[in-house]
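To start, the structure under review is shown below, and the notes come after it.
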Amino acid sequence: MISDRAGSVTPVNIGVGELAFRCRALSVDVGQPHRRIIEGLDLEVPSHQFVCVLGESGVGKTTLLRVFGGLVPPAPGSQLELNGQRVLGPPQGAVFVFQNYTASLLPWRTARRNVELGLEASVAVPARRARALTALDLVGLRDHVDDYPWQLSGGMQQRVQIARALALEPKLLLMDEPFGALDALTRENLQTQLHKIQRQLGATVIFITHDIDEAVFLADRLIVLKGKPASIGLDVMTNLPAERDQVATKELPRFLELRHLIYQAVRGEEA
Amino acid sequence: MSAMADNQSRMHARARGESAPVRGLLPLGLALLLWEMLASPNSPYFPPPLQWFRALEALSKAGRLWPAIATTLTHFALGLLINIVLGSALGIVLGRSQVLDRLLGPILEFARTMPAGALVPVAVLIMGYTSTMTLAVVVLTSFWPILLNTRASARSISQDRLDTARALHLSWWATQCKILLPSVVPSVRLGTQIAAPITLIIVLLVEMLTQVSGVGRQIALAQSMFRSASVYGLVALTGCFGLAVNWLIGGLGRLTRKYDPAFSDGVAAG
Amino acid sequence: MNKAIRGINLPGLAVMALCAGLWELYCRTFGSGFDSIASTYVTVLAIKDLVLHGPLPAQLAHTASVALVGWVIASGFGFAIGLLLGLSRTTWIYSMASIEVLRSIPSISFVSIAVLLFGFSAMTEMVIVVYVSLWPMLLGTLSGVRSTPGRLLEVARVFHLSGIATFFKITLPAALPVIIVGLRLSLTLSVALAVVAEMIGNPAGLGFAMVSSQQAMQPANAFAYLLVIGVLGWGLNAMFAFAAHRLDFAYGRPS
């Protein structure tokens with residue numbers, strides 16, 4: 001049972017075998033001199049769940065995700081585990097997808113070769129090409145596998161990055177506002193695509209965004225970060241139908257209710 | 001496994017705009033010290049550093065050092081000034097006029113790739129051993145960075161900016177002064193920063209080849225008379241010029257910072 | 001190759017021909033009194049003469065080969081040292097300041113030191129070319145390797161690339177454009193310094209021939225050599241640009 005009251009946090013009942021990701025007492029310090037921006041965060045994410053994390057600009061969403069992704073070390077005393085293993089650097093089985101797609105693709109490699117980059121450390125040569133092509137097919141770029149990034153639109157470049165992540169068949173996908181730099185139409189297309197892919201592959205996703213509509217549309221579970229230092233201000237299951245549609249889903253009463261809830265939580269107004 | 005990548009990542013996080021730590025002078029300092037200790041003062045090929053000072057001192061006393069320095073620095077300053085004026089003017093003209101750019105293209109390309117020293121003998125034939133000749137060679141060989149950078153910048157001034165001038169009914173002259181010129185200042189500065197060391201080198205080169213005046217002449221003279229201590233001393237002196245030019249370049253950057261909205265400090269953060 | 005042909009600038013070449021014609025005109029009229037200049041026609045004749053009956057081909061071969069060999073050696077050294085400084089933080093900390101001081105010394109000054117140490121010989125010429133051309137390659141490699149975009153290095157971490165894999169798949173390709181610029185600058189310097197070295201330190205090749213002509217008051221020959229040197233410089237530059245052209249496509253700047 002989940003409480004929807006803004007400000008209260010109720011952990012989801014999780015079967016032990018199903019736990020994908022968890023952190024306890026997670027704190028993060030940044031800058032010189034150290035400033036604590038995240039304090040004592042507890043989070044457990046079961047497998048196959050799509051979690052969206054929201055919050056105001058600057059609250060620390062991206063930093064938090066980077067800590068989850070092993071790119072930034074947390075403060076001492078924090079516990080961080082993926083599939084039961086402590087996270088000390090970028091963990092096996094997790095892939096980070098960056099907001100700036102142009103900067104994270106290798107400009108001198110074609111789309112296919114960019115996707116293969118992720119496979120080069122762990123997959124033998126014969127299998128790489130096939131997996132890369134499968135991943136690119138999944139995101140709808142079958143006709144552009146030999147194009148260079150500069151030949152692709154922003155939306156297509158981001159899809160290449162997502163394909164690169166998916167090619168590894170990751171247990172956990174960490175996405176940092178991946179659609180933030182795209183226009184509205186492209187964004188909606190990619191949201192729909194991502195949702196389908198996630199249901200198809202059963203991946204666990206932690207997705208950061210500042211766009212409330214996007215978050216409610218995509219998520220199984222919504223988390224709002226609040227405060228200085230930040231902690232979880234709201235943690236709620238969307239309980240929306242598994243099939244999502246850009247028009248129909250957004251007209252559901254539950255959708256509007258969640259939207260209202262999140263808006264208030266982010267803005268800090270009383271319910 | 002990923003440790004080195006981590007290491008690199010941390011290293012590059014600091015690489016941007018980082019200045020070399022003073023500890024780095026250790027090898028140089030050590031080398032000079034060893035040289036001083038191990039070489040005999042009369043060594044014909046490798047006189048120790050102290051001898052360099054003595055040689056420079058002697059030159060100074062003989063009244064040959066300071067006039068030479070004055071000549072070289074004057075040539076440098078004048079040369080750089082002409083470079084800036086000519087380079088930016090020509091750069092703007094070529095940048096704004098596609099026709100002229102196309103017409104003058106091959107000639108300028110040929111002139112630009114001409115190996116620097118080769119101009120000197122012909123210049124001497126045409127103009128004799130004069131300061132004009134020196135300046136002509138210096139300018140023709142070292143103003144290219146300024147020209148090319150200014151041309152690129154003038155070519156790509158955003159149409160919005162030019163439309164703003166028209167919308168405000170600015171006269172042609174006002175447009176040039178208030179819109180065009182400030183827009184190209186960053187690239188003129190960048191070109192100058194690249195061209196300044198080259199200007200110094202060419203000045204010394206011409207002086208060495210023509211042996212009329214200046215520090216270059218003194219170096220060539222000392223070398224021909226096998227006064228190795230003087231040679232090393234004068235080379236070290238030119239090194240000081242070089243450092244002064246570097247300092248000048250840095251100062252130039254700070255002075256014109258307000259003109260570059262698009263420039264950020266250091267390399268793009270990716 | 002088709003693109004190169006399509007790109008030939010006929011009006012520009014016409015302007016060049018015009019200038020040659022104007023120079024010819026000047027020499028025959030106002031300049032006819034000066035015996036220290038040579039008209040276009042006379043220069044061309046001199047070139048023909050030097051090529052067919054004279055030492056020009058051998059001199060050209062000498063200068064070109066010294067420049068190219070010196071360039072290759074200098075590039076190799078520059079690349080290696082640049083890599084060392086760029087990849088090893090310890091080395092960088094304990095030697096960068098010295099390098100900065102050394103590189104501030106105008107490279108031309110070392111010509112005299114080279115002549116002092118090695119006399120008038122081919123060795124002098126090679127030493128000068130290598131020492132001076134080394135710098136652009138060194139600095140270019142250093143700069144390129146040190147400024148790998150941070151985001152790409154994070155990508156390497158995310159995908160668990162080993163240190164070596166990161167170097168060859170990310171650092172080096174990312175640095176390639178800057179290194180290519182360094183290579184080009186090195187080549188330019190190699191040619192220029194080969195000529196200068198021949199004027200001061202090694203009595204051989206085009207540079208020496210040119211200075212000799214000037215001192216012997218043979219303007220036709222001097223102008224002839226100037227033209228040949230110019231073509232050499234331009235030609236090597238053009239060849240390099242053509243070879244490096246292919247890279248533009250992969251890095252996102254189609255022409």
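Going by the structure tokens order, chains are called A, B, ..., each with residues numbered from 1, while ligands are numbered from 1 in the order shown.
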Identify, on the basis of only C-alpha atoms, every residue whose closest approach to A:Leu106 does not exceed 10 Å; exclude the query and any residue fewer than 2 positions from it along the same chain; express the result as a PDB file with C-alpha atoms, in the first residue's frame.
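As written to disk, result-v7.pdb reads:
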ATOM      1  CA  TYR A 101      24.101  12.828 -27.133  1.00  0.00           C
ATOM      2  CA  THR A 102      26.454  14.575 -29.513  1.00  0.00           C
ATOM      3  CA  ALA A 103      29.153  14.691 -26.884  1.00  0.00           C
ATOM      4  CA  SER A 104      28.783  11.038 -25.950  1.00  0.00           C
ATOM      5  CA  TRP A 108      34.583   9.457 -36.153  1.00  0.00           C
ATOM      6  CA  ARG A 109      32.564   6.245 -35.916  1.00  0.00           C
ATOM      7  CA  THR A 110      29.416   5.295 -37.765  1.00  0.00           C
ATOM      8  CA  ALA A 111      26.233   4.548 -35.834  1.00  0.00           C
ATOM      9  CA  ARG A 113      30.470   1.209 -34.786  1.00  0.00           C
ATOM     10  CA  ASN A 114      29.349   3.524 -32.012  1.00  0.00           C
ATOM     11  CA  VAL A 115      26.934   0.894 -30.781  1.00  0.00           C
ATOM     12  CA  LEU A 117      31.867   0.414 -28.729  1.00  0.00           C
ATOM     13  CA  TYR A 148      28.135   9.255 -39.029  1.00  0.00           C
ATOM     14  CA  PRO A 149      26.668  11.182 -36.097  1.00  0.00           C
TER      15      PRO A 149
ATOM     16  CA  LEU C 152      33.893  10.616 -23.934  1.00  0.00           C
ATOM     17  CA  VAL C 155      31.613   6.851 -21.818  1.00  0.00           C
ATOM     18  CA  LYS C 169      39.656   4.062 -29.329  1.00  0.00           C
ATOM     19  CA  ILE C 170      38.984   7.443 -27.772  1.00  0.00           C
ATOM     20  CA  PRO C 173      41.100   9.446 -32.495  1.00  0.00           C
ATOM     21  CA  ALA C 174      39.861  12.501 -30.608  1.00  0.00           C
ATOM     22  CA  TYR C 251      34.997  14.003 -38.302  1.00  0.00           C
TER      23      TYR C 251
END
Per residue of chain A within 10 Å of chain C, record the nearest atom pair and its distance in Å to one decimal, counting only C-alpha atoms, with rows in chain order and ascending residue number, as a tab-separated table.
residue	atom	partner	partner_atom	distance
A:Gly69	CA	C:Val158	CA	7.9
A:Gly70	CA	C:Val158	CA	8.4
A:Leu71	CA	C:Glu154	CA	7.5
A:Gly89	CA	C:Arg157	CA	8.1
A:Pro90	CA	C:Val158	CA	5.4
A:Pro91	CA	C:Val158	CA	7.9
A:Gln92	CA	C:His160	CA	8.1
A:Gly93	CA	C:Phe159	CA	9.7
A:Ala94	CA	C:Val158	CA	8.1
A:Val95	CA	C:Val158	CA	6.3
A:Phe96	CA	C:Val158	CA	6.5
A:Val97	CA	C:Val155	CA	8.9
A:Phe98	CA	C:Arg151	CA	8.7
A:Asn100	CA	C:Arg151	CA	8.8
A:Tyr101	CA	C:Arg151	CA	9.8
A:Thr102	CA	C:Arg151	CA	9.9
A:Ala103	CA	C:Arg151	CA	6.3
A:Ser104	CA	C:Leu152	CA	5.5
A:Leu105	CA	C:Leu152	CA	7.5
A:Leu106	CA	C:Leu152	CA	7.5
A:Pro107	CA	C:Tyr251	CA	5.7
A:Trp108	CA	C:Ala250	CA	4.8
A:Arg109	CA	C:Ala250	CA	7.1
A:Thr110	CA	C:Ala250	CA	8.4
A:Leu117	CA	C:Phe159	CA	7.8
A:Gly118	CA	C:Phe159	CA	5.2
A:Leu119	CA	C:Phe159	CA	7.7
A:Glu120	CA	C:Leu161	CA	7.8
A:Ala121	CA	C:Leu161	CA	5.7
A:Ser122	CA	C:His160	CA	8.5
A:Asp147	CA	C:Ala250	CA	9.7
A:Tyr148	CA	C:Ala250	CA	7.0
A:Pro149	CA	C:Gly252	CA	7.8
A:Trp150	CA	C:Gly252	CA	5.5
A:Gln151	CA	C:Gly252	CA	7.9
A:Arg164	CA	C:Phe159	CA	9.7
A:Ala165	CA	C:Phe159	CA	9.0
A:Leu168	CA	C:Phe159	CA	9.1
Could you please take those selected residues and save N, CA and C atoms as a compact mmCIF listing (two decimals), in the first residue's frame?
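See out_1.txt below for the written result:
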# COMPACT_ATOMS: atom_id res chain seq x y z
N GLY A 69 25.35 5.54 -11.01
CA GLY A 69 26.08 4.97 -12.13
C GLY A 69 27.55 4.76 -11.85
N GLY A 70 27.96 5.04 -10.62
CA GLY A 70 29.35 4.80 -10.27
C GLY A 70 30.33 5.81 -10.85
N LEU A 71 29.81 6.91 -11.39
CA LEU A 71 30.70 7.91 -11.98
C LEU A 71 31.23 8.88 -10.92
N GLY A 89 32.46 1.64 -9.00
CA GLY A 89 32.75 2.35 -10.24
C GLY A 89 31.58 2.02 -11.12
N PRO A 90 31.62 2.36 -12.39
CA PRO A 90 30.50 1.98 -13.24
C PRO A 90 30.26 0.47 -13.14
N PRO A 91 29.11 0.06 -12.64
CA PRO A 91 28.90 -1.35 -12.35
C PRO A 91 28.60 -2.16 -13.61
N GLN A 92 28.97 -3.43 -13.58
CA GLN A 92 28.61 -4.32 -14.67
C GLN A 92 27.10 -4.47 -14.67
N GLY A 93 26.52 -4.47 -15.83
CA GLY A 93 25.08 -4.67 -15.90
C GLY A 93 24.30 -3.39 -15.86
N ALA A 94 24.98 -2.25 -15.68
CA ALA A 94 24.27 -0.97 -15.71
C ALA A 94 24.88 -0.11 -16.81
N VAL A 95 24.04 0.67 -17.49
CA VAL A 95 24.55 1.59 -18.51
C VAL A 95 23.95 2.97 -18.30
N PHE A 96 24.79 3.96 -18.46
CA PHE A 96 24.40 5.35 -18.29
C PHE A 96 24.15 5.96 -19.65
N VAL A 97 23.03 6.65 -19.79
CA VAL A 97 22.73 7.36 -21.04
C VAL A 97 22.74 8.86 -20.76
N PHE A 98 23.59 9.59 -21.47
CA PHE A 98 23.80 11.00 -21.17
C PHE A 98 22.82 11.90 -21.90
N ASN A 100 23.60 14.89 -23.26
CA ASN A 100 24.22 15.48 -24.45
C ASN A 100 24.68 14.36 -25.37
N TYR A 101 23.82 14.00 -26.30
CA TYR A 101 24.10 12.83 -27.13
C TYR A 101 25.27 13.08 -28.08
N THR A 102 25.36 14.29 -28.58
CA THR A 102 26.45 14.58 -29.51
C THR A 102 27.80 14.37 -28.84
N ALA A 103 27.88 14.79 -27.58
CA ALA A 103 29.15 14.69 -26.88
C ALA A 103 29.47 13.27 -26.46
N SER A 104 28.47 12.39 -26.41
CA SER A 104 28.78 11.04 -25.95
C SER A 104 28.91 10.02 -27.07
N LEU A 105 28.67 10.44 -28.31
CA LEU A 105 28.95 9.56 -29.43
C LEU A 105 30.32 9.91 -29.99
N LEU A 106 31.02 8.91 -30.50
CA LEU A 106 32.31 9.17 -31.13
C LEU A 106 32.07 9.67 -32.54
N PRO A 107 32.46 10.93 -32.81
CA PRO A 107 32.12 11.51 -34.12
C PRO A 107 32.78 10.80 -35.30
N TRP A 108 33.87 10.07 -35.04
CA TRP A 108 34.58 9.46 -36.15
C TRP A 108 34.12 8.03 -36.42
N ARG A 109 33.08 7.58 -35.69
CA ARG A 109 32.56 6.25 -35.92
C ARG A 109 31.14 6.31 -36.44
N THR A 110 30.79 5.35 -37.30
CA THR A 110 29.42 5.30 -37.77
C THR A 110 28.50 4.88 -36.62
N LEU A 117 30.89 -0.01 -29.73
CA LEU A 117 31.87 0.41 -28.73
C LEU A 117 31.57 -0.21 -27.38
N GLY A 118 30.30 -0.21 -27.02
CA GLY A 118 29.93 -0.75 -25.73
C GLY A 118 30.19 -2.24 -25.62
N LEU A 119 30.19 -2.91 -26.78
CA LEU A 119 30.34 -4.37 -26.76
C LEU A 119 31.79 -4.80 -26.81
N GLU A 120 32.67 -3.87 -27.13
CA GLU A 120 34.05 -4.27 -27.41
C GLU A 120 34.78 -4.79 -26.20
N ALA A 121 34.34 -4.40 -25.02
CA ALA A 121 35.04 -4.89 -23.83
C ALA A 121 34.56 -6.26 -23.41
N SER A 122 33.35 -6.65 -23.83
CA SER A 122 32.81 -7.86 -23.23
C SER A 122 32.32 -8.91 -24.22
N ASP A 147 25.73 5.62 -41.12
CA ASP A 147 25.85 7.08 -41.10
C ASP A 147 26.70 7.52 -39.93
N TYR A 148 27.38 8.66 -40.12
CA TYR A 148 28.14 9.26 -39.03
C TYR A 148 27.21 10.15 -38.20
N PRO A 149 27.55 10.37 -36.95
CA PRO A 149 26.67 11.18 -36.10
C PRO A 149 26.27 12.52 -36.71
N TRP A 150 27.21 13.18 -37.37
CA TRP A 150 26.87 14.49 -37.89
C TRP A 150 25.83 14.41 -39.00
N GLN A 151 25.65 13.21 -39.55
CA GLN A 151 24.64 13.07 -40.60
C GLN A 151 23.25 12.79 -40.03
N ARG A 164 23.15 1.86 -28.18
CA ARG A 164 24.43 1.46 -27.61
C ARG A 164 24.23 0.88 -26.22
N ALA A 165 23.33 1.52 -25.44
CA ALA A 165 23.06 1.02 -24.10
C ALA A 165 22.33 -0.31 -24.16
N LEU A 168 23.95 -3.92 -24.82
CA LEU A 168 24.56 -4.68 -23.74
C LEU A 168 23.56 -5.49 -22.95
Inset, instruction - Give the alpha helix (DSSP H) residues of stretch 50-269 of chain A, as DSSP finds them on the backbone, and put them as number ranges by chain. - result: A: 61-68, 101-104, 111-119, 125-138, 154-166, 184-201, 212-218, 253-267
Using only C-alpha atoms, what table do you get, as a tab-separated table, when you list each residue of stretch 193-242 of chain B with an atom no more than 12 Å from stretch 100-116 of chain B, its nearest pair of atoms, and their distance in Å rounded to one decimal, rows by chain then rising number?
residue	atom	partner	partner_atom	distance
B:Ile198	CA	B:Ala116	CA	10.1
B:Thr199	CA	B:Ala116	CA	10.9
B:Ile201	CA	B:Ala116	CA	10.0
B:Ile202	CA	B:Ala116	CA	7.5
B:Val203	CA	B:Ala116	CA	10.8
B:Leu204	CA	B:Ala116	CA	11.8
B:Leu205	CA	B:Ala116	CA	8.8
B:Val206	CA	B:Ala116	CA	9.5
B:Leu209	CA	B:Ala116	CA	11.6
I need the residues from that last selection saved to file as an mmCIF file, in the first residue's frame (with N, CA and C atoms), if you can.
data_model
loop_
_atom_site.group_PDB
_atom_site.id
_atom_site.type_symbol
_atom_site.label_atom_id
_atom_site.label_comp_id
_atom_site.auth_asym_id
_atom_site.auth_seq_id
_atom_site.Cartn_x
_atom_site.Cartn_y
_atom_site.Cartn_z
ATOM 1 N N ILE B 198 55.804 34.274 -34.411
ATOM 2 C CA ILE B 198 56.319 34.139 -35.776
ATOM 3 C C ILE B 198 56.995 35.429 -36.204
ATOM 4 N N THR B 199 56.380 36.565 -35.878
ATOM 5 C CA THR B 199 56.967 37.861 -36.225
ATOM 6 C C THR B 199 58.363 37.985 -35.632
ATOM 7 N N ILE B 201 60.385 35.618 -34.787
ATOM 8 C CA ILE B 201 61.299 34.701 -35.471
ATOM 9 C C ILE B 201 61.752 35.265 -36.808
ATOM 10 N N ILE B 202 60.830 35.806 -37.576
ATOM 11 C CA ILE B 202 61.191 36.313 -38.903
ATOM 12 C C ILE B 202 62.105 37.522 -38.788
ATOM 13 N N VAL B 203 61.838 38.383 -37.797
ATOM 14 C CA VAL B 203 62.717 39.534 -37.599
ATOM 15 C C VAL B 203 64.152 39.043 -37.375
ATOM 16 N N LEU B 204 64.289 38.092 -36.473
ATOM 17 C CA LEU B 204 65.626 37.557 -36.202
ATOM 18 C C LEU B 204 66.206 36.884 -37.437
ATOM 19 N N LEU B 205 65.346 36.182 -38.167
ATOM 20 C CA LEU B 205 65.806 35.497 -39.382
ATOM 21 C C LEU B 205 66.371 36.483 -40.382
ATOM 22 N N VAL B 206 65.629 37.540 -40.645
ATOM 23 C CA VAL B 206 66.092 38.534 -41.603
ATOM 24 C C VAL B 206 67.400 39.157 -41.128
ATOM 25 N N LEU B 209 70.196 36.722 -41.771
ATOM 26 C CA LEU B 209 70.544 36.527 -43.171
ATOM 27 C C LEU B 209 71.208 37.755 -43.774
#
Which neighbours of A:Arg259 fall inside 9 Å, counting only C-alpha atoms, when residues of the same chain fewer than 6 positions from it are skipped, and could you give them as a PDB file with N, CA and C atoms, in the first residue's frame?
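Wrote it out as selection-v9.pdb, contents follow:
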ATOM      1  N   ILE A 212       7.243  17.031 -16.180  1.00  0.00           N
ATOM      2  CA  ILE A 212       6.298  16.239 -15.383  1.00  0.00           C
ATOM      3  C   ILE A 212       5.465  15.315 -16.271  1.00  0.00           C
ATOM      4  N   ASP A 213       5.003  15.828 -17.387  1.00  0.00           N
ATOM      5  CA  ASP A 213       4.199  14.997 -18.292  1.00  0.00           C
ATOM      6  C   ASP A 213       4.972  13.776 -18.749  1.00  0.00           C
ATOM      7  N   VAL A 216       5.314  11.237 -15.816  1.00  0.00           N
ATOM      8  CA  VAL A 216       4.097  10.476 -15.508  1.00  0.00           C
ATOM      9  C   VAL A 216       3.776   9.506 -16.638  1.00  0.00           C
TER      10      VAL A 216
END
Inset, instruction - Name the residues in contact with A:Asp183 at a cut-off of 12 Å, using only C-alpha atoms, excluding same-chain residues fewer than 6 positions from it; report them as a ChimeraX atom specification. - result: /A:153-155,189-190
Let's have the selection written as a PDB file, in the first residue's frame, with C-alpha atoms.
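Ended up saving to again-v6.pdb:
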ATOM      1  CA  SER A 153      19.356  14.497 -36.444  1.00  0.00           C
ATOM      2  CA  GLY A 154      19.373  15.086 -32.700  1.00  0.00           C
ATOM      3  CA  GLY A 155      16.651  12.537 -32.109  1.00  0.00           C
ATOM      4  CA  ASN A 189       8.109   9.735 -30.402  1.00  0.00           C
ATOM      5  CA  LEU A 190      11.090   8.666 -28.384  1.00  0.00           C
TER       6      LEU A 190
END
Inset, instruction - Tell me, as a ChimeraX atom specification, which residues lie within 10 Å of C:Thr171, counting only C-alpha atoms; anything in the same chain fewer than 3 positions away does not count. - result: /B:8 /C:87,144-149,152-153,164-168,174-176
Inset, instruction - May I ask for the distance between atom CA of C:Ala197 and atom CA of C:Ile229, given in Å to one decimal place? - result: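 Straight-line distance from atom CA of C:Ala197 to atom CA of C:Ile229 works out to 13.7 Å.
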Legend entry - Straight-line distance linking atom CA of C:Ile81 with atom CA of B:Val235, stated in Å to one decimal: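 Atom CA of B:Val235 lies at a distance of 23.5 Å from atom CA of C:Ile81.
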Inset, instruction - Would you list the contacts of stretch 71-78 of chain B as a PyMOL selection string, taking every protein, DNA or RNA residue within 9 Å and counting only C-alpha atoms, but skipping same-chain residues closer than 5 positions in sequence? - result: chain B and resi 66+83+131+134-135+138+196+199-200+202-204+207+213-216+241
Using C-alpha atoms, can you export the residues from the last selection as a tab-separated table (two decimals), in the first residue's frame?
chain	number	residue	atom	x	y	z
B	66	TRP	CA	71.70	47.57	-26.46
B	83	ASN	CA	50.63	42.84	-39.32
B	131	SER	CA	64.50	48.66	-42.74
B	134	THR	CA	63.07	43.97	-43.33
B	135	LEU	CA	59.55	45.07	-42.54
B	138	VAL	CA	58.44	40.29	-41.90
B	196	ALA	CA	53.48	37.38	-32.60
B	199	THR	CA	56.97	37.86	-36.23
B	200	LEU	CA	59.79	37.69	-33.72
B	202	ILE	CA	61.19	36.31	-38.90
B	203	VAL	CA	62.72	39.53	-37.60
B	204	LEU	CA	65.63	37.56	-36.20
B	207	GLU	CA	68.68	40.04	-39.31
B	213	SER	CA	71.75	45.23	-37.52
B	214	GLY	CA	69.86	43.80	-34.61
B	215	VAL	CA	70.29	40.85	-32.30
B	216	GLY	CA	70.12	38.45	-35.23
B	241	PHE	CA	62.21	38.11	-25.87
Inset, instruction - Work out how far atom CA of B:Ala229 is from atom CA of B:Ala70, in Å to one decimal. - result: 21.4 Å
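Of the residues listed (A:Val87, A:Val123, A:Ala230, A:Val145), A:Val123 shows the shortest atom-to-atom separation from A:Ala167; distances use only C-alpha atoms.
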Inset, instruction - Name the closest residue to A:Leu240 among the candidates A:Arg267, A:Glu169, A:His144, A:Phe50; distances are taken between atoms, counting only C-alpha atoms. - result: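 Among the listed residues, the smallest separation from A:Leu240 belongs to A:Phe50.
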Inset, instruction - Skip B:Tyr129 itself and residues of its chain fewer than 6 positions away, then list as a list in words all residues within 9 Å of it, counting only C-alpha atoms. - result: Ala123, Thr210 and Val212 of chain B
Inset, instruction - Can you work out which one of B:Leu147, B:Leu80, B:Leu86, B:Ile157 has the shortest atom-to-atom distance to B:Gly191, counting only C-alpha atoms? - result: B:Leu147
Inset, instruction - Counting only C-alpha atoms, figure out which residue out of B:Gly24, B:Gly233, B:Gly253, B:Pro49 gets nearest to chain C. - result: B:Gly24
